[in-house]
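S.K.: What follows is input_0.txt; its format and atoms are compact mmCIF, C-alpha atoms and all ligand atoms.
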# COMPACT_ATOMS: atom_id res chain seq x y z
CA MET A 1 0.00 0.00 0.00
CA THR A 2 1.27 3.49 -0.88
CA ASP A 3 2.05 5.78 2.06
CA ARG A 4 -0.02 8.98 1.51
CA ARG A 5 0.45 12.08 3.63
CA ILE A 6 -2.10 14.87 3.94
CA TYR A 7 -0.76 18.32 4.80
CA ILE A 8 -3.06 20.33 7.09
CA GLY A 9 -1.89 23.93 6.96
CA THR A 10 -2.75 24.85 10.56
CA SER A 11 -0.58 24.53 13.63
CA VAL A 12 -2.09 22.41 16.40
CA THR A 13 -1.30 25.25 18.78
CA ALA A 14 -3.08 27.89 16.63
CA PRO A 15 -6.23 28.11 18.86
CA ASN A 16 -3.97 28.49 21.91
CA ASP A 17 -1.87 31.15 20.17
CA GLU A 18 -4.97 33.24 19.42
CA VAL A 19 -5.99 33.33 23.09
CA ALA A 20 -2.36 33.98 24.07
CA ALA A 21 -2.30 37.06 21.81
CA GLN A 22 -5.48 38.31 23.53
CA ASN A 23 -3.89 37.73 26.94
CA ARG A 24 -0.78 39.66 25.90
CA ARG A 25 -2.90 42.61 24.72
CA ALA A 26 -4.85 42.55 28.00
CA PHE A 27 -1.59 42.60 30.01
CA GLU A 28 -0.27 45.49 27.91
CA GLU A 29 -3.47 47.52 28.25
CA ARG A 30 -2.71 47.52 31.99
CA ASN A 31 1.04 48.15 31.54
CA LEU A 32 1.81 44.73 32.99
CA LEU A 33 4.82 42.58 32.17
CA ALA A 34 4.05 38.85 32.32
CA VAL A 35 6.78 36.28 32.91
CA ASN A 36 6.24 32.52 32.47
CA VAL A 37 8.43 30.66 35.00
CA MET A 38 9.22 27.05 34.15
CA SER A 39 11.35 24.22 35.53
CA SER A 40 11.28 20.69 36.89
CA PRO A 41 9.14 19.95 39.96
CA GLY A 42 10.97 21.06 43.08
CA SER A 43 13.62 23.22 41.47
CA GLY A 44 12.40 26.21 43.46
CA LYS A 45 9.82 28.23 41.48
CA THR A 46 7.46 28.93 44.38
CA THR A 47 10.31 29.63 46.78
CA LEU A 48 11.72 32.18 44.33
CA ILE A 49 8.28 33.82 43.99
CA GLU A 50 8.02 34.00 47.80
CA ALA A 51 11.41 35.73 47.90
CA MET A 52 10.41 38.06 45.05
CA ALA A 53 7.29 39.07 46.97
CA GLY A 54 9.58 40.47 49.67
CA VAL A 55 11.27 42.70 47.08
CA LEU A 56 8.42 43.62 44.74
CA ARG A 57 5.62 43.73 47.34
CA ASP A 58 2.44 45.17 45.78
CA ARG A 59 4.12 45.47 42.37
CA MET A 60 3.63 41.71 41.74
CA ALA A 61 0.65 39.38 41.23
CA VAL A 62 0.91 35.65 40.65
CA ILE A 63 -0.90 32.96 38.67
CA VAL A 64 0.26 29.51 39.73
CA GLY A 65 -0.35 26.21 37.97
CA ASP A 66 -0.28 22.76 39.52
CA VAL A 67 -1.83 19.43 38.61
CA GLN A 68 -3.56 19.33 41.97
CA THR A 69 -3.87 21.17 45.32
CA ARG A 70 -3.73 24.85 46.31
CA ARG A 71 -0.48 24.36 48.21
CA ASP A 72 1.62 26.83 46.19
CA ALA A 73 -1.15 29.47 46.22
CA GLU A 74 -1.39 29.17 50.02
CA ARG A 75 2.36 29.77 50.34
CA ILE A 76 2.23 32.81 48.07
CA GLU A 77 -0.94 34.16 49.77
CA ALA A 78 0.98 34.11 53.05
CA THR A 79 3.33 36.75 51.62
CA GLY A 80 0.34 39.07 51.03
CA CYS A 81 0.70 38.85 47.25
CA PRO A 82 -2.47 38.52 45.11
CA VAL A 83 -2.53 35.00 43.66
CA HIS A 84 -4.81 32.72 41.69
CA GLN A 85 -4.21 28.95 41.57
CA ILE A 86 -5.00 26.94 38.45
CA GLU A 87 -5.49 23.23 39.13
CA THR A 88 -5.06 21.54 35.75
CA GLY A 89 -6.61 18.27 36.95
CA GLY A 90 -4.01 16.20 35.11
CA ALA A 91 -2.56 18.39 32.36
CA CYS A 92 1.20 18.74 32.65
CA HIS A 93 1.34 22.37 31.45
CA LEU A 94 -0.68 25.58 31.45
CA ASP A 95 -2.41 26.87 28.33
CA ALA A 96 -3.57 30.34 27.31
CA ARG A 97 -7.27 29.65 27.92
CA ARG A 98 -6.65 28.66 31.54
CA VAL A 99 -4.50 31.76 32.02
CA ALA A 100 -7.26 33.96 30.54
CA VAL A 101 -9.69 32.63 33.16
CA ALA A 102 -7.12 33.19 35.92
CA MET A 103 -6.55 36.79 34.75
CA LYS A 104 -10.28 37.46 35.22
CA GLN A 105 -10.28 35.81 38.65
CA LEU A 106 -7.31 37.94 39.73
CA ASP A 107 -9.24 41.04 38.64
CA LEU A 108 -6.12 42.73 37.24
CA PRO A 109 -7.78 46.16 36.81
CA SER A 110 -8.30 46.35 40.55
CA LEU A 111 -4.59 45.74 41.26
CA ASP A 112 -1.82 48.31 41.19
CA CYS A 113 0.92 45.87 40.18
CA ARG A 114 3.48 45.93 37.34
CA ILE A 115 4.62 42.33 37.08
CA VAL A 116 2.51 39.17 36.70
CA VAL A 117 4.46 36.01 37.43
CA ILE A 118 2.97 32.81 36.00
CA GLU A 119 4.37 29.71 37.71
CA ASN A 120 3.89 26.88 35.24
CA VAL A 121 3.35 23.24 36.20
CA GLY A 122 6.63 21.59 37.21
CA ASN A 123 7.83 20.00 33.95
CA LEU A 124 10.89 20.62 31.80
CA VAL A 125 9.25 19.64 28.49
CA CYS A 126 5.59 20.42 27.69
CA PRO A 127 5.19 23.96 29.14
CA ALA A 128 7.81 25.28 26.71
CA SER A 129 5.53 24.70 23.71
CA PHE A 130 2.55 26.75 24.92
CA ASP A 131 2.43 30.52 24.60
CA LEU A 132 0.40 31.89 27.51
CA GLY A 133 0.55 35.53 26.43
CA GLU A 134 3.67 36.22 28.47
CA HIS A 135 6.38 38.68 27.46
CA MET A 136 9.22 36.46 28.54
CA LYS A 137 9.95 32.90 29.54
CA ALA A 138 12.28 32.13 32.46
CA ALA A 139 13.77 28.73 33.30
CA LEU A 140 15.14 27.63 36.66
CA LEU A 141 17.87 25.04 37.06
CA SER A 142 19.40 24.08 40.41
CA PRO A 143 22.49 22.09 41.43
CA PRO A 144 20.58 19.00 42.69
CA GLU A 145 19.12 18.53 39.18
CA GLY A 146 22.54 18.28 37.50
CA ASP A 147 24.43 20.49 35.07
CA ASP A 148 23.70 18.33 31.99
CA LYS A 149 20.03 19.26 31.56
CA VAL A 150 20.15 22.10 29.01
CA LEU A 151 20.99 19.97 25.98
CA LYS A 152 18.78 17.10 27.19
CA TYR A 153 15.72 19.38 27.32
CA PRO A 154 16.52 21.95 24.63
CA ALA A 155 12.97 23.13 23.75
CA LEU A 156 12.71 25.22 26.91
CA PHE A 157 16.25 26.61 26.94
CA THR A 158 15.99 27.64 23.27
CA ARG A 159 13.01 29.91 24.07
CA ILE A 160 13.99 31.58 27.36
CA THR A 161 14.90 35.20 28.03
CA ALA A 162 16.09 34.51 31.59
CA LEU A 163 18.20 31.55 32.75
CA ILE A 164 17.99 31.32 36.53
CA ILE A 165 20.54 29.17 38.31
CA THR A 166 18.97 28.82 41.72
CA LYS A 167 19.78 27.16 45.09
CA LEU A 168 23.23 28.73 44.78
CA ASP A 169 23.70 28.17 48.52
CA LEU A 170 23.91 24.41 47.74
CA LEU A 171 26.73 24.83 45.22
CA PRO A 172 29.58 24.11 47.68
CA HIS A 173 28.00 20.71 48.43
CA MET A 174 27.38 19.53 44.86
CA GLU A 175 29.19 18.89 41.61
CA PHE A 176 27.53 21.40 39.32
CA ASP A 177 29.34 23.38 36.65
CA VAL A 178 27.52 26.72 36.30
CA GLU A 179 29.66 27.73 33.33
CA ARG A 180 28.72 24.52 31.49
CA VAL A 181 25.02 25.32 31.90
CA VAL A 182 25.47 28.87 30.59
CA ARG A 183 27.70 27.72 27.73
CA GLU A 184 25.26 25.01 26.62
CA CYS A 185 22.34 27.44 26.82
CA ALA A 186 24.30 29.92 24.70
CA SER A 187 24.78 27.19 22.08
CA LEU A 188 20.97 27.10 21.67
CA ASN A 189 19.95 30.67 22.32
CA ASP A 190 21.72 33.96 21.62
CA ASP A 191 19.36 36.24 23.52
CA PHE A 192 19.10 35.43 27.23
CA GLU A 193 20.36 36.83 30.53
CA THR A 194 21.75 34.64 33.30
CA PHE A 195 20.84 35.13 36.97
CA LYS A 196 22.61 33.26 39.77
CA LEU A 197 20.64 33.36 42.98
CA SER A 198 19.49 31.65 46.14
CA ALA A 199 15.85 32.04 47.11
CA ARG A 200 16.85 30.63 50.52
CA THR A 201 19.38 33.37 51.37
CA GLY A 202 17.92 36.05 49.07
CA GLU A 203 21.25 36.48 47.24
CA GLY A 204 20.63 37.66 43.66
CA VAL A 205 16.84 37.85 43.94
CA GLY A 206 16.88 41.67 43.79
CA GLU A 207 18.82 41.61 40.50
CA PHE A 208 16.19 39.41 38.86
CA CYS A 209 13.41 41.69 40.13
CA GLU A 210 15.27 44.74 38.74
CA PHE A 211 15.54 43.00 35.38
CA LEU A 212 11.77 42.43 35.31
CA LEU A 213 11.04 46.03 36.33
CA ALA A 214 13.39 47.36 33.62
CA ASN A 215 11.61 45.21 31.03
CA GLN A 216 8.25 46.44 32.30
CA SER A 217 9.43 50.05 31.90
CA ALA A 218 10.62 49.30 28.37
CA LEU A 219 7.20 47.84 27.60
CA THR A 220 5.46 51.06 28.54
CA ALA A 221 8.10 53.46 27.09
N1 LIG B 1 18.72 25.34 49.79
C1 LIG B 1 17.78 25.86 49.01
N2 LIG B 1 16.60 25.24 48.90
C2 LIG B 1 15.68 25.78 48.10
C3 LIG B 1 15.89 26.98 47.38
N3 LIG B 1 14.79 27.24 46.64
C4 LIG B 1 13.91 26.26 46.91
N4 LIG B 1 14.42 25.37 47.79
C5 LIG B 1 13.78 24.17 48.34
O1 LIG B 1 13.44 23.31 47.25
C6 LIG B 1 12.21 22.62 47.53
C7 LIG B 1 11.24 22.80 46.39
O2 LIG B 1 10.94 24.19 46.25
P1 LIG B 1 9.62 24.73 45.56
O3 LIG B 1 9.77 26.21 45.51
O4 LIG B 1 8.41 24.18 46.20
O5 LIG B 1 9.77 24.12 44.10
P2 LIG B 1 8.79 24.29 42.85
O6 LIG B 1 9.66 24.42 41.65
O7 LIG B 1 7.82 25.39 43.08
O8 LIG B 1 8.03 22.89 42.81
P3 LIG B 1 6.69 22.50 42.00
O9 LIG B 1 5.70 23.62 42.19
O10 LIG B 1 6.25 21.24 42.64
O11 LIG B 1 7.09 22.33 40.57
C8 LIG B 1 11.71 23.18 48.86
O12 LIG B 1 12.08 22.28 49.89
C9 LIG B 1 12.46 24.49 49.00
O13 LIG B 1 12.65 24.90 50.34
C10 LIG B 1 17.15 27.63 47.51
O14 LIG B 1 17.46 28.68 46.92
N5 LIG B 1 18.06 27.01 48.34
MG MG B 2 5.74 25.41 43.03
Kindly return the structure encoded in the file as structure tokens.
Ligand SMILES: Nc1nc2c(ncn2[C@@H]2O[C@H](COP(=O)(O)OP(=O)(O)OP(=O)(O)O)[C@@H](O)[C@H]2O)c(=O)[nH]1
Ligand SMILES: [Mg+2]
M.R.:
Amino acid sequence: MTDRRIYIGTSVTAPNDEVAAQNRRAFEERNLLAVNVMSSPGSGKTTLIEAMAGVLRDRMAVIVGDVQTRRDAERIEATGCPVHQIETGGACHLDARRVAVAMKQLDLPSLDCRIVVIENVGNLVCPASFDLGEHMKAALLSPPEGDDKVLKYPALFTRITALIITKLDLLPHMEFDVERVVRECASLNDDFETFKLSARTGEGVGEFCEFLLANQSALTA
């Protein structure tokens, strides 16, 4: 039997991309910069957001995605930061439609913030393929995960604007070559900034917050 292929000229992510574009416009109408934070489970996304809340205070709101539970939202709520939890009920990544609903729930017009952080579901693969309407993607990598991950999971590291090496306080106890991570990321991506920080000690968290605020100012300039 002859192998016949039918070309369908539409991307499978096209419906998602349309909603993402609407989300981006809605963020921009309110002068908000949205950042999509991605990494493996446990690499420290929520802990970084907790630390950022101490720096950005009422300039930040958060949308947080998890397969199940409100645990991360409860942690972020405790900082006083406005937060909405998305429970995906099984999906291993956020999509633009879910984020659109969360934006309504957060009631962005009533907030006086400048940065919206979207914590994606812990996963180094699928979240990278879905535009949520963010202005930048950030990836966390920490010493316990190993310094070989960039080239093993290239889809995410190809698309990021911020590479965040976190849990820096653990570096003296682990074999983790920071320069290798940066070098391998640079082999995939020629337009990203590197941040080295510890959400535990607070070292470097301010620099990342300044970077976001500078990008928010550029958005509204
Ligand atoms: N030593 C140290 N531990 C950290 C740091 N950041 C996070 N942790 C710890 O790492 C563990 C996981 O942190 P979370 O912030 O919950 O990780 P997450 O990426 O949000 O996890 P998921 O939401 O499940 O994907 C917790 O025990 C944190 O206390 C850090 O900078 N230094
Ligand atoms: Mg988390």
S.K.: Residues within 9 Å of ligand MG 2 (chain B), counting all atoms listed in the file: report them as a ChimeraX atom specification.
M.R.: /A:41-47,49,64-66,71-73,119-122
S.K.: Find the spatial neighbours of Ser198 in chain A, counting only C-alpha atoms, within a cut-off of 6 Å - ignore same-chain residues fewer than 4 positions away - and output them as a list in words.
M.R.: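 Close residues of Ser198 in chain A: Thr166, Lys167, Leu168, Asp169, Gly202 and Glu203 of chain A.
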S.K.: Residues within 8 Å of (-3.7, 22.1, 40.6), file coordinates, counting all atoms listed in the file: what are they? Give the list as a ChimeraX atom specification.
M.R.: /A:65-70,85-89
S.K.: Choose the residue, out of A:Ala91, A:Ala20, A:Ala199, A:Val101, that has the smallest atom-to-atom separation from ligand LIG 1 (chain B); count all atoms listed in the file.
M.R.: A:Ala199
S.K.: Can you measure CA of Asp95 in chain A to atom N2 of ligand LIG 1 (chain B) for me? One decimal in Å is fine.
M.R.: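 According to the coordinates, CA of Asp95 in chain A and atom N2 of ligand LIG 1 (chain B) are separated by 28.1 Å.
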S.K.: Closest to Asp190 in chain A among A:Gly204, A:Leu219, A:Ser129, A:Arg159, using all atoms listed in the file?
M.R.: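 Ranking A:Gly204, A:Leu219, A:Ser129, A:Arg159 by distance to Asp190 in chain A, first place goes to A:Arg159.
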S.K.: Please determine, counting all atoms listed in the file, which residue among A:Ala53, A:Cys209, A:Ile160, A:Leu48 has the shortest atom-to-atom distance to Ala139 in chain A.
M.R.: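 That would be A:Ile160, the residue with the smallest distance to Ala139 in chain A.
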S.K.: So how many Å separate CA of Leu212 in chain A and CA of Cys81 in chain A, to one decimal?
M.R.: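 Calculated distance between CA of Leu212 in chain A and CA of Cys81 in chain A is 16.7 Å.
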S.K.: What's the 12 Å shell around Pro172 in chain A, counting only C-alpha atoms, without same-chain residues fewer than 5 positions away, as a compact mmCIF listing (two decimals) with C-alpha atoms, in the frame of the given file?
M.R.:
# COMPACT_ATOMS: atom_id res chain seq x y z
CA PRO A 143 22.49 22.09 41.43
CA PRO A 144 20.58 19.00 42.69
CA LYS A 167 19.78 27.16 45.09
CA ASP A 177 29.34 23.38 36.65
CA VAL A 178 27.52 26.72 36.30
S.K.: Box along x, y and z, 4 Å on every side, all listed atoms of ligand LIG 1 (chain B) inside: centre and edge lengths in Å to one decimal, as AutoDock Vina command-line options.
M.R.:
--center_x 12.2 --center_y 25.0 --center_z 45.5 --size_x 21.0 --size_y 15.4 --size_z 17.8
S.K.: Which residues come within 7 Å of range 26-39 of chain A, counting only C-alpha atoms, excluding same-chain residues fewer than 6 positions away, as a PyMOL selection string?
M.R.: chain A and resi 114-120+122-124+134-141+216+220
S.K.: When you draw a straight line from CA of Ser142 in chain A to CA of Ala162 in chain A, how long is it in Å?
M.R.: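 Distance reported for this atom pair: 14.1 Å.
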